[in-house]
file model.csv (CSV, C-alpha atoms and all ligand atoms)
chain,number,residue,atom,x,y,z
A,878,MET,CA,-110.0,-35.5,92.1
A,879,LYS,CA,-109.2,-32.0,93.1
A,880,THR,CA,-105.5,-32.9,93.4
A,881,ASN,CA,-105.5,-34.4,89.9
A,882,ILE,CA,-106.8,-31.2,88.4
A,883,LEU,CA,-104.3,-29.2,90.4
A,884,ILE,CA,-101.4,-31.4,89.2
A,885,PHE,CA,-102.7,-31.2,85.6
A,886,ALA,CA,-102.9,-27.4,85.8
A,887,LEU,CA,-99.4,-27.1,87.3
A,888,ALA,CA,-98.0,-29.4,84.6
A,889,ALA,CA,-99.6,-27.2,81.9
A,890,ILE,CA,-98.1,-24.1,83.4
A,891,VAL,CA,-94.6,-25.6,83.7
A,892,LEU,CA,-94.7,-27.0,80.1
A,893,SER,CA,-95.9,-23.8,78.6
A,894,SER,CA,-93.2,-21.7,80.3
A,895,CYS,CA,-90.4,-24.0,79.1
A,896,GLY,CA,-88.6,-22.1,76.2
A,897,SER,CA,-90.5,-20.9,73.2
A,898,SER,CA,-92.3,-24.0,72.2
A,899,ASP,CA,-94.2,-23.9,68.9
A,900,LYS,CA,-95.7,-26.1,66.3
A,901,LYS,CA,-94.6,-26.6,62.8
A,902,LYS,CA,-96.1,-28.5,59.9
A,903,ASN,CA,-94.3,-31.8,59.1
A,904,SER,CA,-94.4,-31.4,55.4
A,905,ASP,CA,-92.6,-34.6,54.6
A,906,ASN,CA,-95.5,-36.7,56.0
A,907,ASP,CA,-99.0,-35.8,56.7
A,908,THR,CA,-99.4,-32.0,56.4
A,909,THR,CA,-101.9,-32.0,59.2
A,910,ALA,CA,-99.4,-33.6,61.6
A,911,VAL,CA,-97.5,-31.1,63.8
A,912,GLN,CA,-94.2,-31.3,65.4
A,913,ASN,CA,-93.1,-29.5,68.5
A,914,VAL,CA,-90.3,-27.0,67.9
A,915,VAL,CA,-88.4,-25.7,70.9
A,916,VAL,CA,-86.3,-22.6,70.1
A,917,PRO,CA,-83.6,-21.8,72.7
A,918,GLU,CA,-83.3,-18.3,74.1
A,919,PHE,CA,-81.0,-15.7,72.7
A,920,ASN,CA,-79.2,-13.8,75.5
A,921,SER,CA,-78.9,-10.1,74.5
A,922,ASP,CA,-76.7,-9.3,77.6
A,923,SER,CA,-74.2,-11.9,76.3
A,924,ALA,CA,-74.4,-10.6,72.7
A,925,HIS,CA,-73.9,-7.0,74.0
A,926,ALA,CA,-70.8,-8.1,75.9
A,927,TYR,CA,-69.4,-9.6,72.7
A,928,VAL,CA,-70.0,-6.3,70.9
A,929,ALA,CA,-68.4,-4.3,73.7
A,930,LYS,CA,-65.3,-6.6,73.8
A,931,GLN,CA,-64.6,-5.9,70.1
A,932,VAL,CA,-65.1,-2.2,70.4
A,933,ALA,CA,-62.8,-2.2,73.5
A,934,PHE,CA,-59.9,-3.6,71.3
A,935,GLY,CA,-60.0,-0.4,69.3
A,936,SER,CA,-60.6,-0.3,65.6
A,937,ARG,CA,-60.0,-3.6,63.9
A,938,VAL,CA,-58.5,-2.2,60.7
A,939,PRO,CA,-56.9,-4.5,58.2
A,940,GLY,CA,-53.1,-4.3,58.4
A,941,SER,CA,-53.2,-3.0,62.1
A,942,SER,CA,-52.1,-5.0,65.1
A,943,MET,CA,-55.7,-5.1,66.3
A,944,GLN,CA,-56.5,-7.2,63.2
A,945,ILE,CA,-54.3,-9.9,64.7
A,946,VAL,CA,-55.5,-9.6,68.3
A,947,CYS,CA,-59.2,-9.6,67.3
A,948,ARG,CA,-58.7,-12.5,64.8
A,949,ASP,CA,-57.2,-14.7,67.5
A,950,TRP,CA,-59.9,-13.8,70.0
A,951,LEU,CA,-62.7,-14.6,67.4
A,952,VAL,CA,-61.1,-18.0,66.6
A,953,SER,CA,-60.7,-18.9,70.3
A,954,GLU,CA,-64.4,-17.9,71.1
A,955,LEU,CA,-65.7,-20.0,68.3
A,956,LYS,CA,-63.6,-23.0,69.4
A,957,ARG,CA,-64.7,-22.5,73.0
A,958,HIS,CA,-68.3,-23.0,71.9
A,959,GLY,CA,-67.3,-26.2,70.1
A,960,ALA,CA,-67.1,-25.0,66.5
A,961,GLU,CA,-64.6,-26.4,64.0
A,962,VAL,CA,-62.7,-23.3,62.9
A,963,PHE,CA,-60.9,-22.5,59.7
A,964,VAL,CA,-59.0,-19.3,59.0
A,965,GLN,CA,-58.7,-18.4,55.3
A,966,GLU,CA,-55.7,-16.1,54.8
A,967,ALA,CA,-55.3,-14.0,51.7
A,968,SER,CA,-53.8,-10.7,50.4
A,969,VAL,CA,-56.3,-8.4,48.7
A,970,ARG,CA,-55.8,-5.1,46.8
A,971,ALA,CA,-57.6,-2.1,48.1
A,972,TYR,CA,-59.0,0.8,45.9
A,973,ASN,CA,-55.7,2.7,46.4
A,974,ASN,CA,-53.6,-0.4,45.4
A,975,THR,CA,-52.5,-1.0,49.0
A,976,ILE,CA,-52.1,-4.8,49.6
A,977,LEU,CA,-53.9,-5.8,52.7
A,978,PRO,CA,-53.8,-8.9,54.8
A,979,CYS,CA,-57.2,-10.6,55.0
A,980,TYR,CA,-58.5,-13.3,57.4
A,981,ASN,CA,-61.9,-14.8,56.7
A,982,ILE,CA,-62.9,-16.8,59.8
A,983,ILE,CA,-65.2,-19.8,59.4
A,984,GLY,CA,-66.7,-21.7,62.4
A,985,SER,CA,-68.7,-24.9,61.6
A,986,ILE,CA,-71.3,-26.1,64.0
A,987,ASN,CA,-72.5,-29.6,63.6
A,988,PRO,CA,-69.9,-30.1,60.9
A,989,ASP,CA,-71.2,-33.6,59.7
A,990,ALA,CA,-74.7,-32.5,59.0
A,991,LYS,CA,-75.5,-32.6,55.3
A,992,SER,CA,-78.2,-29.9,55.4
A,993,ARG,CA,-76.4,-26.6,56.1
A,994,ILE,CA,-76.8,-22.8,56.2
A,995,MET,CA,-74.4,-19.9,56.3
A,996,LEU,CA,-74.6,-17.0,58.7
A,997,SER,CA,-72.2,-14.1,58.2
A,998,ALA,CA,-71.1,-10.6,59.2
A,999,HIS,CA,-68.0,-8.5,58.5
A,1000,TRP,CA,-65.6,-8.2,61.4
A,1001,ASP,CA,-63.2,-5.5,60.2
A,1002,SER,CA,-63.5,-1.7,60.9
A,1003,ARG,CA,-63.5,1.0,58.4
A,1004,PRO,CA,-60.3,3.0,58.4
A,1005,TYR,CA,-62.0,6.3,57.5
A,1006,ALA,CA,-64.8,8.2,59.3
A,1007,ASP,CA,-65.4,9.8,55.9
A,1008,TRP,CA,-69.0,10.8,56.8
A,1009,ASP,CA,-68.1,12.5,60.1
A,1010,SER,CA,-69.2,16.1,60.4
A,1011,ASP,CA,-65.7,17.1,61.4
A,1012,PRO,CA,-63.4,16.8,58.3
A,1013,ALA,CA,-60.4,16.2,60.7
A,1014,ASN,CA,-61.9,12.8,61.4
A,1015,HIS,CA,-62.2,11.7,57.8
A,1016,SER,CA,-58.9,9.9,57.9
A,1017,LYS,CA,-59.5,8.3,61.3
A,1018,PRO,CA,-60.7,4.7,61.8
A,1019,ILE,CA,-64.2,4.3,63.2
A,1020,PRO,CA,-65.1,2.4,66.4
A,1021,ALA,CA,-67.4,0.2,64.2
A,1022,ALA,CA,-69.8,-0.8,67.0
A,1023,ASN,CA,-72.8,-1.1,64.7
A,1024,ASP,CA,-71.1,-1.3,61.4
A,1025,GLY,CA,-69.2,-4.5,62.1
A,1026,ALA,CA,-69.2,-5.5,65.7
A,1027,SER,CA,-73.0,-5.8,66.1
A,1028,GLY,CA,-73.4,-8.6,63.6
A,1029,VAL,CA,-70.3,-10.5,64.9
A,1030,GLY,CA,-71.6,-10.1,68.5
A,1031,ILE,CA,-75.0,-11.6,67.5
A,1032,LEU,CA,-73.3,-14.5,65.7
A,1033,LEU,CA,-70.9,-15.3,68.6
A,1034,GLU,CA,-73.9,-15.5,70.9
A,1035,ILE,CA,-75.6,-17.8,68.4
A,1036,ALA,CA,-72.4,-20.0,68.5
A,1037,ARG,CA,-72.6,-20.1,72.3
A,1038,VAL,CA,-76.3,-21.1,72.2
A,1039,LEU,CA,-75.7,-23.8,69.5
A,1040,GLY,CA,-72.9,-25.1,71.6
A,1041,GLU,CA,-75.5,-25.9,74.3
A,1042,HIS,CA,-78.3,-26.9,71.9
A,1043,THR,CA,-77.2,-28.8,68.9
A,1044,PRO,CA,-79.4,-28.0,65.9
A,1045,SER,CA,-80.5,-30.7,63.5
A,1046,ILE,CA,-79.0,-28.8,60.6
A,1047,GLY,CA,-75.4,-27.6,60.3
A,1048,VAL,CA,-74.6,-23.9,60.7
A,1049,ASP,CA,-71.4,-22.3,59.3
A,1050,ILE,CA,-70.6,-18.9,60.8
A,1051,PHE,CA,-68.5,-16.7,58.5
A,1052,PHE,CA,-66.7,-13.6,59.7
A,1053,TRP,CA,-65.7,-11.6,56.6
A,1054,ASP,CA,-62.6,-9.5,56.7
A,1055,VAL,CA,-61.8,-6.3,54.7
A,1056,GLU,CA,-65.4,-5.5,53.9
A,1057,ASP,CA,-65.2,-1.8,54.8
A,1058,TYR,CA,-62.1,-0.6,53.1
A,1059,GLY,CA,-64.1,0.8,50.2
A,1060,GLU,CA,-63.3,4.0,48.4
A,1061,PRO,CA,-63.7,7.1,50.6
A,1062,LYS,CA,-66.3,9.7,49.6
A,1063,ASP,CA,-63.7,12.4,49.2
A,1064,ASN,CA,-61.7,10.4,46.7
A,1065,GLN,CA,-63.0,12.4,43.8
A,1066,GLY,CA,-62.8,11.3,40.2
A,1067,GLN,CA,-62.1,7.7,41.0
A,1068,GLU,CA,-65.4,5.8,41.2
A,1069,LYS,CA,-63.9,2.4,41.2
A,1070,GLU,CA,-66.1,-0.7,41.2
A,1071,ASP,CA,-66.1,-3.5,43.7
A,1072,THR,CA,-64.0,-1.8,46.3
A,1073,TRP,CA,-66.2,-3.1,49.2
A,1074,GLY,CA,-66.4,-6.7,50.4
A,1075,LEU,CA,-62.9,-7.6,49.5
A,1076,GLY,CA,-62.8,-10.6,51.9
A,1077,SER,CA,-66.1,-12.0,50.7
A,1078,GLN,CA,-65.1,-11.5,47.0
A,1079,TYR,CA,-62.0,-13.5,47.7
A,1080,TRP,CA,-63.8,-16.3,49.4
A,1081,SER,CA,-66.6,-16.4,46.9
A,1082,LYS,CA,-64.1,-17.0,44.1
A,1083,ASN,CA,-61.8,-19.2,46.2
A,1084,PRO,CA,-63.9,-21.2,48.7
A,1085,HIS,CA,-62.0,-22.6,51.7
A,1086,LYS,CA,-63.0,-26.2,50.7
A,1087,VAL,CA,-63.5,-27.6,47.2
A,1088,GLY,CA,-67.2,-28.3,46.5
A,1089,TYR,CA,-68.3,-26.3,49.6
A,1090,ASN,CA,-72.0,-25.7,49.5
A,1091,VAL,CA,-74.9,-24.6,51.8
A,1092,ARG,CA,-78.6,-24.2,51.1
A,1093,TYR,CA,-78.7,-20.5,51.7
A,1094,GLY,CA,-77.0,-17.7,53.6
A,1095,ILE,CA,-78.0,-14.8,55.8
A,1096,LEU,CA,-75.7,-11.7,56.2
A,1097,LEU,CA,-76.0,-9.3,59.1
A,1098,ASP,CA,-74.9,-5.7,58.6
A,1099,MET,CA,-75.6,-2.8,61.1
A,1100,THR,CA,-77.9,-4.9,63.2
A,1101,GLY,CA,-77.5,-3.2,66.6
A,1102,ALA,CA,-78.9,0.4,66.6
A,1103,THR,CA,-82.1,1.5,68.4
A,1104,ASN,CA,-85.3,1.0,66.4
A,1105,ALA,CA,-83.3,-0.4,63.4
A,1106,THR,CA,-85.4,-0.7,60.2
A,1107,PHE,CA,-84.6,-3.7,58.1
A,1108,TYR,CA,-86.1,-3.1,54.7
A,1109,GLN,CA,-86.2,-5.8,52.0
A,1110,GLU,CA,-82.9,-5.0,50.4
A,1111,GLY,CA,-82.8,-5.0,46.6
A,1112,PHE,CA,-80.2,-7.7,45.8
A,1113,SER,CA,-81.6,-10.0,48.5
A,1114,MET,CA,-85.0,-9.7,46.7
A,1115,ARG,CA,-83.5,-10.4,43.3
A,1116,PHE,CA,-81.3,-13.4,44.4
A,1117,ALA,CA,-83.2,-15.0,47.3
A,1118,PRO,CA,-86.8,-13.8,47.6
A,1119,GLY,CA,-87.9,-17.1,49.2
A,1120,ILE,CA,-85.3,-16.9,51.9
A,1121,MET,CA,-86.2,-13.2,52.6
A,1122,ARG,CA,-89.9,-14.3,53.0
A,1123,LYS,CA,-89.0,-17.2,55.3
A,1124,VAL,CA,-86.8,-15.1,57.6
A,1125,TRP,CA,-89.3,-12.1,57.7
A,1126,ASP,CA,-92.1,-14.6,58.5
A,1127,HIS,CA,-90.1,-15.9,61.4
A,1128,ALA,CA,-89.5,-12.4,62.7
A,1129,HIS,CA,-93.2,-11.5,62.3
A,1130,ALA,CA,-94.2,-14.7,64.2
A,1131,LEU,CA,-92.1,-13.3,67.1
A,1132,GLY,CA,-93.8,-9.9,66.9
A,1133,TYR,CA,-90.9,-8.0,65.4
A,1134,GLU,CA,-92.8,-6.4,62.5
A,1135,LYS,CA,-91.7,-2.9,63.5
A,1136,TYR,CA,-88.1,-3.9,62.7
A,1137,PHE,CA,-88.6,-6.3,59.7
A,1138,LEU,CA,-90.6,-4.2,57.3
A,1139,ASN,CA,-92.5,-5.5,54.3
A,1140,GLU,CA,-91.1,-2.8,52.0
A,1141,GLU,CA,-88.3,-3.0,49.5
A,1142,ALA,CA,-85.3,-0.7,49.6
A,1143,ASN,CA,-82.2,0.1,47.5
A,1144,PRO,CA,-79.7,-2.7,46.6
A,1145,ILE,CA,-76.5,-2.4,48.6
A,1146,MET,CA,-73.1,-3.6,47.4
A,1147,ASP,CA,-72.5,-5.8,50.4
A,1148,ASP,CA,-70.8,-9.2,51.1
A,1149,HIS,CA,-74.0,-11.1,50.1
A,1150,TYR,CA,-73.8,-9.7,46.5
A,1151,TYR,CA,-70.5,-11.5,45.9
A,1152,VAL,CA,-71.7,-14.7,47.7
A,1153,ASN,CA,-74.7,-14.7,45.4
A,1154,LYS,CA,-72.8,-13.8,42.3
A,1155,TYR,CA,-69.7,-15.9,42.5
A,1156,ALA,CA,-70.4,-18.7,45.0
A,1157,ASN,CA,-74.1,-19.1,43.8
A,1158,ILE,CA,-75.4,-19.4,47.3
A,1159,PRO,CA,-78.8,-17.6,47.7
A,1160,THR,CA,-78.0,-15.1,50.4
A,1161,ILE,CA,-80.0,-12.2,52.0
A,1162,ASP,CA,-78.7,-9.2,53.8
A,1163,ILE,CA,-80.4,-8.1,57.0
A,1164,ILE,CA,-79.2,-4.5,56.9
A,1165,HIS,CA,-80.4,-1.3,58.6
A,1166,GLN,CA,-81.4,1.2,55.9
A,1167,ASP,CA,-82.9,4.6,56.5
A,1168,LYS,CA,-84.8,6.2,53.6
A,1169,ASN,CA,-84.7,9.6,55.2
A,1170,SER,CA,-81.0,10.0,55.8
A,1171,GLU,CA,-78.4,11.5,53.4
A,1172,THR,CA,-76.3,8.3,53.4
A,1173,GLY,CA,-79.2,5.9,53.3
A,1174,PHE,CA,-78.0,4.4,56.6
A,1175,TYR,CA,-78.3,5.2,60.3
A,1176,PRO,CA,-77.0,8.7,61.4
A,1177,SER,CA,-73.6,7.6,62.8
A,1178,TRP,CA,-72.7,5.5,59.8
A,1179,HIS,CA,-69.0,5.9,58.9
A,1180,THR,CA,-68.5,8.5,61.7
A,1181,MET,CA,-66.7,8.5,65.0
A,1182,GLN,CA,-70.1,8.3,66.6
A,1183,ASP,CA,-70.5,4.6,65.6
A,1184,ASP,CA,-69.7,3.6,69.2
A,1185,ILE,CA,-70.9,1.2,71.8
A,1186,ASP,CA,-73.5,3.7,73.3
A,1187,LYS,CA,-75.5,3.3,70.0
A,1188,ILE,CA,-75.9,-0.4,70.6
A,1189,ASP,CA,-79.3,-1.4,71.8
A,1190,LYS,CA,-79.8,-4.9,73.4
A,1191,ALA,CA,-83.4,-4.9,72.2
A,1192,THR,CA,-82.3,-4.8,68.6
A,1193,LEU,CA,-79.6,-7.5,69.2
A,1194,LYS,CA,-82.4,-9.7,70.7
A,1195,VAL,CA,-84.8,-9.1,67.8
A,1196,VAL,CA,-82.2,-10.2,65.2
A,1197,GLY,CA,-80.7,-13.0,67.3
A,1198,GLN,CA,-84.0,-14.6,68.2
A,1199,THR,CA,-85.2,-14.4,64.6
A,1200,LEU,CA,-82.0,-16.3,63.5
A,1201,LEU,CA,-82.4,-19.0,66.2
A,1202,ARG,CA,-86.0,-19.5,65.2
A,1203,THR,CA,-85.0,-19.8,61.5
A,1204,ILE,CA,-82.3,-22.4,62.5
A,1205,PHE,CA,-84.5,-24.6,64.7
A,1206,TYR,CA,-87.4,-24.6,62.2
A,1207,GLU,CA,-85.1,-26.1,59.5
A,1208,LYS,CA,-84.4,-29.8,59.2
B,1,LIG,C1,-71.9,0.8,49.7
B,1,LIG,O1,-72.2,1.8,50.3
B,1,LIG,C2,-71.7,0.8,48.2
B,1,LIG,N1,-71.7,-0.3,50.3
B,1,LIG,C3,-71.9,-0.3,51.7
B,1,LIG,C4,-71.3,-1.6,52.2
B,1,LIG,C5,-71.1,-1.4,53.6
B,1,LIG,C6,-70.2,-0.5,54.1
B,1,LIG,N2,-71.6,-2.1,54.6
B,1,LIG,C7,-71.1,-1.6,55.7
B,1,LIG,N3,-70.3,-0.6,55.5
B,2,ZN,ZN,-69.2,0.4,56.7
call {"tool": "encode", "arguments": {"input": "model.csv", "output": "structure tokens"}}
result
Amino acid sequence: MKTNILIFALAAIVLSSCGSSDKKKNSDNDTTAVQNVVVPEFNSDSAHAYVAKQVAFGSRVPGSSMQIVCRDWLVSELKRHGAEVFVQEASVRAYNNTILPCYNIIGSINPDAKSRIMLSAHWDSRPYADWDSDPANHSKPIPAANDGASGVGILLEIARVLGEHTPSIGVDIFFWDVEDYGEPKDNQGQEKEDTWGLGSQYWSKNPHKVGYNVRYGILLDMTGATNATFYQEGFSMRFAPGIMRKVWDHAHALGYEKYFLNEEANPIMDDHYYVNKYANIPTIDIIHQDKNSETGFYPSWHTMQDDIDKIDKATLKVVGQTLLRTIFYEK
């Protein structure tokens, strides 16, 4: 008898320590029935290494040799984790009429699944540190650790995890190019529209596959700084409030309410705006906004200080685990 109780107790301990197991309502059947959902672990050391690798290449500026080196590495990493990869090549026109080579990279996980979602981040680096305190830096490219590499690093880690644990839904990972070539702040008297998100604008008007569709999208932008504050960004609330609520609820269930705030903030002209507007895919932006800073973003935004030392594994974990929970609760 005593041994039976001991075995039962041991089994309970072993079962409860296996991954993050949780219950979800099985809404297609009896709403009282529950289904066990096991969400795999997001490894923030791995995600951090992915961010560091990109930064170590140097700035990934469109038209530079690092654009080619980093493109090929992103493609090979996605393939290594079992994704089906497509590279969309285009030429886009910058605010100053420069024609830039653009490579949007798409990795499909579980490509035959009918129910799909899109996860995305921009992978290019801004060519100008136009918010740097030293004017001599305004024409230099930024390291783009947080503004670029952080979102990509999280999504590469997601691709690695999904290569080991196939989700029931399909997941398409999009790396947008030429997001951050927008008009510099010193470019007085210009005020051009739509100078940001050139890669996502191109894809949203020219999808890589005819009839391409997914249920919804989640964009990551500046998702690696210490104590990041993700407000409910204005365009996300306008175009996809239900997705916003769903993702925020998953974050809160994990105890991340200090990062995912229940407070609205300014709309930002980011890649999700064009995906919503032209591709009609309801898409939210998980973006670090700061209501007390001059730029509206974190202090090293568009400066030479946006470097790997600003990347915090705790923030990568918060965002990555929230995404994994969102994916594994879908069917
Ligand atoms: C504007 O500031 C208009 N858009 C910001 C988009 C952006 C730049 N995301 C990252 N860098
Ligand atoms: Zn930027």
call {"tool": "residues_around", "arguments": {"input": "model.csv", "residues": "Tyr1079 of chain A", "least_positions_apart": "4", "cutoff": "10 Å", "atoms": "all atoms listed in the file", "output": "list in words"}}
result
Gln965, Glu966, Ala967, Ser968, Val969, Cys979, Asn981, Trp1053, Asp1054, Gly1074, Leu1075, Asn1083, Pro1084, His1085, Tyr1151, Val1152 and Tyr1155 of chain A
call {"tool": "residues_around", "arguments": {"input": "model.csv", "residues": "Val932 of chain A", "least_positions_apart": "5", "cutoff": "12 Å", "atoms": "only C-alpha atoms", "output": "list in words"}}
result
His925, Ala926, Tyr927, Arg937, Val938, Met943, Cys947, Trp1000, Asp1001, Ser1002, Pro1018, Ile1019, Pro1020, Ala1021, Ala1022, Asn1023, Asp1024, Gly1025, Ala1026, Ser1027, Val1029, Gly1030, Asp1183, Asp1184, Ile1185, Asp1186, Lys1187 and Ile1188 of chain A
call {"tool": "closest_residue", "arguments": {"input": "model.csv", "among": "A:Tyr1133, A:Trp1008, A:Phe1107, A:Trp1073", "to": "ligand LIG 1 (chain B)", "atoms": "all atoms listed in the file"}}
result
A:Trp1073
call {"tool": "residues_near_ligand", "arguments": {"input": "model.csv", "ligand": "ligand LIG 1 (chain B)", "cutoff": "7 Å", "atoms": "all atoms listed in the file", "output": "MDAnalysis selection string"}}
result
chainID A and resid 1024 1056:1057 1073 1098 1145:1147
call {"tool": "atom_distance", "arguments": {"input": "model.csv", "atom1": "atom CA of His999 of chain A", "atom2": "atom CA of Ala1117 of chain A"}}
result
20.0 Å
call {"tool": "atom_distance", "arguments": {"input": "model.csv", "atom1": "atom CA of Trp950 of chain A", "atom2": "atom CA of Leu977 of chain A"}}
result
20.0 Å
call {"tool": "residues_around", "arguments": {"input": "model.csv", "residues": "Lys956 of chain A", "least_positions_apart": "3", "cutoff": "12 Å", "atoms": "all atoms listed in the file", "output": "ChimeraX atom specification"}}
result
/A:949-953,959-964,982-986,1033,1036-1037,1040,1050
call {"tool": "atom_distance", "arguments": {"input": "model.csv", "atom1": "atom CA of Val1195 of chain A", "atom2": "atom CA of Asn1104 of chain A"}}
result
10.2 Å
call {"tool": "closest_residue", "arguments": {"input": "model.csv", "among": "A:Met1114, A:Ala971, A:Val1196, A:Val1087", "to": "Ile1035 of chain A", "atoms": "all atoms listed in the file"}}
result
A:Val1196
call {"tool": "closest_residue", "arguments": {"input": "model.csv", "among": "A:Arg993, A:His1129, A:His958, A:His1165", "to": "ligand ZN 2 (chain B)", "atoms": "only C-alpha atoms and all ligand atoms"}}
result
A:His1165
call {"tool": "closest_residue", "arguments": {"input": "model.csv", "among": "A:Pro978, A:Ser1077, A:Phe1112, A:Ile994", "to": "Phe1205 of chain A", "atoms": "all atoms listed in the file"}}
result
A:Ile994
call {"tool": "closest_residue", "arguments": {"input": "model.csv", "among": "A:Leu1138, A:Leu1032, A:Ala1130, A:Met1181", "to": "ligand ZN 2 (chain B)", "atoms": "only C-alpha atoms and all ligand atoms"}}
result
A:Met1181
call {"tool": "closest_residue", "arguments": {"input": "model.csv", "among": "A:Glu1060, A:Asp922, A:Asp1189, A:Glu954", "to": "ligand ZN 2 (chain B)", "atoms": "only C-alpha atoms and all ligand atoms"}}
result
A:Glu1060
call {"tool": "residues_around", "arguments": {"input": "model.csv", "residues": "Asn1143 of chain A", "least_positions_apart": "4", "cutoff": "10 Å", "atoms": "all atoms listed in the file", "output": "number ranges by chain"}}
result
A: 1108-1112, 1166, 1168, 1173
call {"tool": "residues_around", "arguments": {"input": "model.csv", "residues": "Tyr1206 of chain A", "least_positions_apart": "2", "cutoff": "9 Å", "atoms": "all atoms listed in the file", "output": "count of residues only"}}
result
9
